[in-house]
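A short worksheet on the structure shown next.
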Amino acid sequence: MPADPDFLSHLNPSQRRSVEHFCGPLLVVAGAGSGKTRALTFRIANLVLTHRVAPENILAVTFTNKAAKEMKERIERLFAERLALEDGGKALDLLSPYEQTKLRSRVYKTITKHLWIGTFHSLCARILRLDIEKFKDGQGRQWQRNFSIFDESDVQGLMKDIIVKQLNLDDRKFQPRSVRFAISNAKNQGLGPEDYEASQPNYRGRVIANVYNLYQDALAANNALDFDDLIRILVDLLRQNDAILDYWHRQFHHLLVDEYQDTNRTQYELIQMLATNGVHPQQFQGWNYRSVFVVGDADQSIYSFRAADFTILMDFQKDFGDGLPDDDTRTMVKLEDNYRSTETILQTANELIENNTERIDKILKPTRGAGEPITCFRADDELHEAEFVVEQIRNLEMQHPEITWGDFAILYRTNAQSRAFEDMLVRWNIPYTVVGGLKFYDRREIKDVLSYLRLVMNPADSVSLQRIINVPRRGIGKTTLDRLSSAAQELGVPLWEIIRDDTSVKTLAGRSAKSILNFAQMIQHWHTAHETQAGAEIIQGILEQSGYVDSLKAQGTEEADDRLRNVQELYNASIQFAEENGDPSLTAFLASTALASDLDNLEESSTVSLMTLHSAKGLEFPIVFLVGLEQGLFPNFRSLDDAAALEEERRLCYVGITRAQDQLFISHARERRLYGSREPAMPSLFLSELPKEQLEARSPLAIPKRPPNMAAPSPPVSPHPNTHAQDWGVGDRLLHKGFGLGEVTHVFGAGNKICLAVKFAGVGQKILDPKVTRLDRVD
DNA sequence: TTTATAGCGTTTTTT
DNA sequence: ACGCTATAAA
């Protein structure tokens with residue numbers, strides 16, 4: 001059956017080439033707003049419709065769960081529209097709601113349900129639930145299919161335990177965070193504990209390797225995996241077991257990866273192995289019925305701190321491609337026509353990103369008119385900045401009836417910046433949503449309940465067990481718990497094995513024996529029930545039986561009421577999940593909560609959106625406020641002495657600018673509160689890189705008086721005529737009144753708008769403006 | 001075993 | 001400035 005002739009007619013030639021590509025590798029270099037999601041969804045539909053590919057043979061990897069959900073919905077709609085025309089000759093929208101639902105559910109059952117669409121993490125978790133019991137790592141560690149997925153705080157807790165208690169190390173010298181970071185990095189490069197150990201000659205490295213080993217022991221003992229292992233373990237399994245690799249290779253004929261610039265080494269390994277069954281891509285012969293289709297934009301690579309490596313994208317042509325020059329190649333397509341933003345916004349973005357050296361040559365070509373100029377505002381401090389932003393929002397909303405609160409987004413570098421804006425929005429009664437920050441699933445009460453559930457599913461999960469064994473209070477204290485844990489450790493069994501055993505508990509626990517046995521009995525009951533009973537029922541049962549809800553009710557405080565509502569919300573979420581995914585099991589729900597993010601719940605609603613630039617990736621808004629453009633904040637001070645990191649900050653700025661459809665506001669403050677004290681702030685380097693002719697400076701005077709309870713504006717800073725911006729260069733030595741002797745490591749900006757990064761002995765790096773701060777040259 | 005308090009580190013970004 | 005953790009007292 002031929003495809004609907006109309007099906008592809010709305011695509012531009014490049015999009016069409018991407019969508020119609022059938023077999024072999026293809027890299028789609030897709031600029032911001034160039035319709036890549038469209039290309040991805042149409043391609044999947046086209047594979048099924050035109051090429052008769054079975055949905056279960058398609059694997060599509062998205063960057064977030066939200067993107068996965070959206071993709072499924074779009075595909076579903078595409079098919080439903082088609083079926084409506086084919087069957088009844090009527091457009092989907094003209095059918096009755098009942099007919100529409102019926103059609104959609106038919107599409108779901110025959111097509112979308114069978115597609116493998118998700119993030120690397122969720123897809124790998126799904127495969128591991130089937131195959132992990134066939135895996136054994138280099139040191140014989142094994143996992144069972146009911147494994148827990150540990151979140152960042154679980155992991156940090158384990159790390160700390162190993163460093164402080166097991167190894168007796170100083171946790172200031174070996175900060176759990178930084179050790180965790182090193183291990184995570186190793187994992188994302190595909191290094192196991194042995195490989196890592198071999199690569200570390202110095203003391204610190206050997207210690208970390210030791211921690212890595214003990215950490216893996218702890219994970220295995222808890223029958224748990226961290227985020228990184230979801231991918232790494234699967235890759236290892238596929239490497240060591242040809243039969244399993246062959247099975248999944250034959251399962252997935254068509255691989256699609258979105259946001260390919262943000263994949264890391266292990267993820268690349270996985271895709272490569274699945275695509276070519278472990279054969280080197282250039283030697284692989286089986287392309288005649290399969291494909292690898294990756295979509296990305298190196299200019300939007302912003303996750304290197306998570307070990308993402310955009311050279312993977314840049315090397316695609318070398319690994320999989322035909323090696324022909326850009327004009328003749330059949331393995332790369334560029335999507336450069338931008339349908340999102342005004343010409344003004346695009347020119348600004350293009351000009352900024354030109355300052356980067358590491359990129360694939362690509363520009364965003366406008367398809368819309370010039371639009372409004374970009375407004376740049378200099379505020380006195382962060383309160384003033386918030387005042388300006390909210391003022392603009394109010395004015396625009398008042399003056400344009402078609403604009404709603406949902407059309408606005410405030411984007412910032414760090415989560416901590418949200419507060420000033422929240423305060424101001426509350427003051428004016430404007431509805432808003434903060435994405436990120438404290439996640440729903442990170443709240444204490446939610447983590448408590450999830451720990452109960454994890455324990456029910458996986459009793460070996462001692463981390464969860466220890467979290468909730470005395471929550472609510474059961475009179476089981478630290479000493480009792482310590483005694484039980486060390487018994488477990490000596491016997492080499494999970495803590496649970498001690499707790500469920502009557503005689504052990506009676507001999508070890510004394511006074512609290514009875515409540516421990518009661519607790520154990522309750523968990524045992526639900527553990528036995530969890531395979532057959534629906535997740536929601538188990539949640540309800542546990543909430544009642546454990547006394548968790550009762551104890552919250554007994555508190556009667558406002559905070560406890562809040563917690564109660566959140567717990568109720570979790571119960572609702574489990575029901576909703578069961579309906580949406582057609583799977584009421586506890587296992588499935590728990591897996592989804594472990595990998596959920598705040599973004600997933602960001603519904604189309606009419607509220608102003610507040611989020612970090614990282615969270616904003618992939619989104620678009622008619623009106624965007626890009627705030628806090630200050631040296632040290634954005635670009636962040638950690639990136640100032642690292643060229644590659646600075647380029648990543650610039651890409652982040654590029655991402656921010658390209659989120660805007662119609663109007664963009666940029667702002668910075670001259671002074672900012674940091675840890676309670678006020679710090680002067682310099683304009684960001686990036687401001688000096690934006691085209692002047694597109695920017696319209698907005699004077700602070702345009703802003704009406706601030707409410708009386710706000711801080712007064714600070715007096716202007718008087719410039720020092722004795723130091724000239726042009727005089728400074730990298731390597732210059734100078735004397736500062738407060739910091740002493742220093743050396744210039746960077747010069748930001750040009751001409752009169754210059755500021756310096758200066759390294760001072762003892763004090764470290766500082767960012768200074770020679771026009772503001774007196775700096776005396778030393779020869 | 002539970003509760004109060006003092007001190008400390010925190011802020012880059014997240015699946 | 002604030003929230004969390006370690007430590008001491010009830």
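Note on naming: chains are A, B, ... as they come in the structure tokens, residues start from 1 per chain, ligands start from 1 in the order shown.
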
Practice task
At a cut-off of 7 Å, list the chain A residues touching chain B, using only C-alpha atoms (C1' of nucleotides), as a ChimeraX atom specification.
Solution key: /A:121,414,416,475,477,595,614

Exercise for the section: Could you list the residues in chain A lying within 9 Å of chain C, using only C-alpha atoms (C1' of nucleotides), and format the result as a ChimeraX atom specification? Expected result: /A:675-677

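The list of residues with at least one atom within 9 Å of Gly437 of chain A, based on only C-alpha atoms (C1' of nucleotides) and without residues fewer than 6 positions apart in the same chain, reads Asn415, Ala416, Asp598 and Met611 of chain A.
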
Exercise for the section: Step one, run DSSP on the backbone; step two, keep only residues of segment 35-93 of chain A assigned to strand (DSSP E); then write them as a ChimeraX atom specification. Expected result: /A:58-62

Exercise for the section: Go through segment 669-704 of chain A and collect every residue that DSSP, computed from the backbone, puts in helix (DSSP H, G or I); the answer should be as a PyMOL selection string. Expected result: chain A and resi 685-689+692-694+700-702

Can I get the selected residues back with N, CA, C and O atoms, as a PDB file, in the first residue's frame?
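The new file selection-v1.pdb reads:
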```pdb
ATOM      1  N   LEU A 685      30.614  38.129  29.312  1.00  0.00           N
ATOM      2  CA  LEU A 685      31.372  38.130  28.067  1.00  0.00           C
ATOM      3  C   LEU A 685      30.437  37.993  26.864  1.00  0.00           C
ATOM      4  O   LEU A 685      30.630  38.627  25.825  1.00  0.00           O
ATOM      5  N   PHE A 686      29.408  37.189  27.021  1.00  0.00           N
ATOM      6  CA  PHE A 686      28.513  36.909  25.890  1.00  0.00           C
ATOM      7  C   PHE A 686      27.771  38.159  25.419  1.00  0.00           C
ATOM      8  O   PHE A 686      27.441  38.279  24.244  1.00  0.00           O
ATOM      9  N   LEU A 687      27.515  39.064  26.337  1.00  0.00           N
ATOM     10  CA  LEU A 687      26.829  40.293  25.939  1.00  0.00           C
ATOM     11  C   LEU A 687      27.650  41.054  24.906  1.00  0.00           C
ATOM     12  O   LEU A 687      27.118  41.624  23.952  1.00  0.00           O
ATOM     13  N   SER A 688      28.968  41.030  25.108  1.00  0.00           N
ATOM     14  CA  SER A 688      29.831  41.770  24.189  1.00  0.00           C
ATOM     15  C   SER A 688      29.925  41.074  22.834  1.00  0.00           C
ATOM     16  O   SER A 688      30.412  41.647  21.870  1.00  0.00           O
ATOM     17  N   GLU A 689      29.464  39.843  22.775  1.00  0.00           N
ATOM     18  CA  GLU A 689      29.566  39.097  21.513  1.00  0.00           C
ATOM     19  C   GLU A 689      28.288  39.149  20.680  1.00  0.00           C
ATOM     20  O   GLU A 689      28.237  38.625  19.579  1.00  0.00           O
ATOM     21  N   LYS A 692      25.496  44.461  18.089  1.00  0.00           N
ATOM     22  CA  LYS A 692      24.963  45.683  18.699  1.00  0.00           C
ATOM     23  C   LYS A 692      23.707  46.174  17.997  1.00  0.00           C
ATOM     24  O   LYS A 692      22.785  46.692  18.617  1.00  0.00           O
ATOM     25  N   GLU A 693      23.682  46.003  16.667  1.00  0.00           N
ATOM     26  CA  GLU A 693      22.579  46.599  15.913  1.00  0.00           C
ATOM     27  C   GLU A 693      21.240  45.914  16.189  1.00  0.00           C
ATOM     28  O   GLU A 693      20.191  46.446  15.887  1.00  0.00           O
ATOM     29  N   GLN A 694      21.276  44.707  16.786  1.00  0.00           N
ATOM     30  CA  GLN A 694      20.027  44.030  17.093  1.00  0.00           C
ATOM     31  C   GLN A 694      19.555  44.333  18.512  1.00  0.00           C
ATOM     32  O   GLN A 694      18.436  44.033  18.873  1.00  0.00           O
ATOM     33  N   PRO A 700      17.126  51.879  32.931  1.00  0.00           N
ATOM     34  CA  PRO A 700      16.442  51.551  34.171  1.00  0.00           C
ATOM     35  C   PRO A 700      15.350  52.558  34.514  1.00  0.00           C
ATOM     36  O   PRO A 700      14.403  52.241  35.204  1.00  0.00           O
ATOM     37  N   LEU A 701      15.474  53.781  33.966  1.00  0.00           N
ATOM     38  CA  LEU A 701      14.517  54.825  34.294  1.00  0.00           C
ATOM     39  C   LEU A 701      13.123  54.499  33.752  1.00  0.00           C
ATOM     40  O   LEU A 701      12.127  55.024  34.235  1.00  0.00           O
ATOM     41  N   ALA A 702      13.081  53.664  32.735  1.00  0.00           N
ATOM     42  CA  ALA A 702      11.793  53.307  32.149  1.00  0.00           C
ATOM     43  C   ALA A 702      10.954  52.510  33.126  1.00  0.00           C
ATOM     44  O   ALA A 702       9.757  52.344  32.939  1.00  0.00           O
TER      45      ALA A 702
END
```

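For Ser153 of chain A, the set of protein, DNA and RNA residues having any atom at most 12 Å away, when counting only C-alpha atoms (C1' of nucleotides) and skipping those fewer than 2 positions along the same chain, is Ile149, Phe150, Asp151, Val155, Gln156, Gly157, Leu158, Met159, Lys160, Pro176, Arg177, Arg180, Asp226, Phe227, Tyr441, Asp442, Arg443, Arg444, Lys447, Val463, Ser464, Arg467 and Ala594 of chain A.
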
Generate the output file for the selected residues, N, CA, C and O atoms, as a PDB file, in the first residue's frame.
```pdb
ATOM      1  N   ILE A 149      16.608   0.822  41.364  1.00  0.00           N
ATOM      2  CA  ILE A 149      17.407   1.855  40.714  1.00  0.00           C
ATOM      3  C   ILE A 149      17.664   2.950  41.744  1.00  0.00           C
ATOM      4  O   ILE A 149      16.729   3.584  42.223  1.00  0.00           O
ATOM      5  N   PHE A 150      18.935   3.136  42.090  1.00  0.00           N
ATOM      6  CA  PHE A 150      19.288   4.114  43.121  1.00  0.00           C
ATOM      7  C   PHE A 150      19.378   5.513  42.532  1.00  0.00           C
ATOM      8  O   PHE A 150      19.976   5.707  41.484  1.00  0.00           O
ATOM      9  N   ASP A 151      18.789   6.454  43.230  1.00  0.00           N
ATOM     10  CA  ASP A 151      18.910   7.830  42.757  1.00  0.00           C
ATOM     11  C   ASP A 151      20.165   8.475  43.353  1.00  0.00           C
ATOM     12  O   ASP A 151      20.894   7.856  44.119  1.00  0.00           O
ATOM     13  N   VAL A 155      22.911   7.080  46.208  1.00  0.00           N
ATOM     14  CA  VAL A 155      24.289   6.832  45.796  1.00  0.00           C
ATOM     15  C   VAL A 155      25.271   7.628  46.661  1.00  0.00           C
ATOM     16  O   VAL A 155      26.282   7.093  47.115  1.00  0.00           O
ATOM     17  N   GLN A 156      24.957   8.898  46.883  1.00  0.00           N
ATOM     18  CA  GLN A 156      25.834   9.722  47.705  1.00  0.00           C
ATOM     19  C   GLN A 156      25.965   9.143  49.116  1.00  0.00           C
ATOM     20  O   GLN A 156      27.036   9.147  49.697  1.00  0.00           O
ATOM     21  N   GLY A 157      24.856   8.646  49.630  1.00  0.00           N
ATOM     22  CA  GLY A 157      24.874   8.033  50.951  1.00  0.00           C
ATOM     23  C   GLY A 157      25.818   6.840  50.998  1.00  0.00           C
ATOM     24  O   GLY A 157      26.630   6.702  51.918  1.00  0.00           O
ATOM     25  N   LEU A 158      25.710   5.978  49.994  1.00  0.00           N
ATOM     26  CA  LEU A 158      26.597   4.818  49.912  1.00  0.00           C
ATOM     27  C   LEU A 158      28.060   5.244  49.843  1.00  0.00           C
ATOM     28  O   LEU A 158      28.922   4.694  50.538  1.00  0.00           O
ATOM     29  N   MET A 159      28.315   6.231  48.990  1.00  0.00           N
ATOM     30  CA  MET A 159      29.679   6.732  48.820  1.00  0.00           C
ATOM     31  C   MET A 159      30.263   7.182  50.159  1.00  0.00           C
ATOM     32  O   MET A 159      31.377   6.845  50.509  1.00  0.00           O
ATOM     33  N   LYS A 160      29.470   7.965  50.843  1.00  0.00           N
ATOM     34  CA  LYS A 160      29.938   8.515  52.103  1.00  0.00           C
ATOM     35  C   LYS A 160      30.255   7.396  53.088  1.00  0.00           C
ATOM     36  O   LYS A 160      31.267   7.402  53.769  1.00  0.00           O
ATOM     37  N   PRO A 176      32.649  12.874  48.992  1.00  0.00           N
ATOM     38  CA  PRO A 176      31.772  11.908  48.333  1.00  0.00           C
ATOM     39  C   PRO A 176      31.313  12.395  46.959  1.00  0.00           C
ATOM     40  O   PRO A 176      31.269  11.618  45.999  1.00  0.00           O
ATOM     41  N   ARG A 177      31.017  13.678  46.864  1.00  0.00           N
ATOM     42  CA  ARG A 177      30.558  14.240  45.594  1.00  0.00           C
ATOM     43  C   ARG A 177      31.577  14.067  44.481  1.00  0.00           C
ATOM     44  O   ARG A 177      31.249  13.682  43.361  1.00  0.00           O
ATOM     45  N   ARG A 180      32.228  10.441  43.657  1.00  0.00           N
ATOM     46  CA  ARG A 180      31.077   9.992  42.882  1.00  0.00           C
ATOM     47  C   ARG A 180      31.201  10.441  41.439  1.00  0.00           C
ATOM     48  O   ARG A 180      30.918   9.695  40.509  1.00  0.00           O
ATOM     49  N   ASP A 226      22.877   2.023  39.659  1.00  0.00           N
ATOM     50  CA  ASP A 226      22.720   3.477  39.539  1.00  0.00           C
ATOM     51  C   ASP A 226      22.409   3.819  38.084  1.00  0.00           C
ATOM     52  O   ASP A 226      22.380   2.945  37.218  1.00  0.00           O
ATOM     53  N   PHE A 227      22.176   5.104  37.805  1.00  0.00           N
ATOM     54  CA  PHE A 227      21.811   5.523  36.445  1.00  0.00           C
ATOM     55  C   PHE A 227      22.819   5.059  35.408  1.00  0.00           C
ATOM     56  O   PHE A 227      22.455   4.541  34.353  1.00  0.00           O
ATOM     57  N   TYR A 441       9.706  13.812  43.206  1.00  0.00           N
ATOM     58  CA  TYR A 441      10.170  12.510  43.676  1.00  0.00           C
ATOM     59  C   TYR A 441      11.354  12.617  44.645  1.00  0.00           C
ATOM     60  O   TYR A 441      11.847  11.617  45.130  1.00  0.00           O
ATOM     61  N   ASP A 442      11.818  13.832  44.884  1.00  0.00           N
ATOM     62  CA  ASP A 442      12.884  14.008  45.855  1.00  0.00           C
ATOM     63  C   ASP A 442      12.371  14.448  47.215  1.00  0.00           C
ATOM     64  O   ASP A 442      13.130  14.589  48.156  1.00  0.00           O
ATOM     65  N   ARG A 443      11.078  14.716  47.310  1.00  0.00           N
ATOM     66  CA  ARG A 443      10.527  15.132  48.601  1.00  0.00           C
ATOM     67  C   ARG A 443      10.648  13.991  49.592  1.00  0.00           C
ATOM     68  O   ARG A 443      10.540  12.824  49.229  1.00  0.00           O
ATOM     69  N   ARG A 444      10.800  14.371  50.840  1.00  0.00           N
ATOM     70  CA  ARG A 444      11.062  13.365  51.852  1.00  0.00           C
ATOM     71  C   ARG A 444       9.946  12.321  51.937  1.00  0.00           C
ATOM     72  O   ARG A 444      10.209  11.118  51.917  1.00  0.00           O
ATOM     73  N   LYS A 447      10.008  10.025  48.967  1.00  0.00           N
ATOM     74  CA  LYS A 447      11.123   9.078  49.049  1.00  0.00           C
ATOM     75  C   LYS A 447      10.846   7.997  50.089  1.00  0.00           C
ATOM     76  O   LYS A 447      11.223   6.837  49.910  1.00  0.00           O
ATOM     77  N   VAL A 463      19.361  -0.170  51.621  1.00  0.00           N
ATOM     78  CA  VAL A 463      19.327   1.288  51.714  1.00  0.00           C
ATOM     79  C   VAL A 463      17.904   1.754  51.988  1.00  0.00           C
ATOM     80  O   VAL A 463      17.656   2.576  52.875  1.00  0.00           O
ATOM     81  N   SER A 464      16.965   1.199  51.239  1.00  0.00           N
ATOM     82  CA  SER A 464      15.563   1.550  51.468  1.00  0.00           C
ATOM     83  C   SER A 464      15.091   1.067  52.826  1.00  0.00           C
ATOM     84  O   SER A 464      14.399   1.778  53.558  1.00  0.00           O
ATOM     85  N   ARG A 467      16.144   3.238  55.549  1.00  0.00           N
ATOM     86  CA  ARG A 467      15.490   4.533  55.519  1.00  0.00           C
ATOM     87  C   ARG A 467      14.150   4.505  56.261  1.00  0.00           C
ATOM     88  O   ARG A 467      13.814   5.421  56.988  1.00  0.00           O
ATOM     89  N   ALA A 594      11.694   6.201  39.248  1.00  0.00           N
ATOM     90  CA  ALA A 594      13.144   6.338  39.415  1.00  0.00           C
ATOM     91  C   ALA A 594      13.731   7.210  38.314  1.00  0.00           C
ATOM     92  O   ALA A 594      14.696   7.923  38.522  1.00  0.00           O
TER      93      ALA A 594
END
```
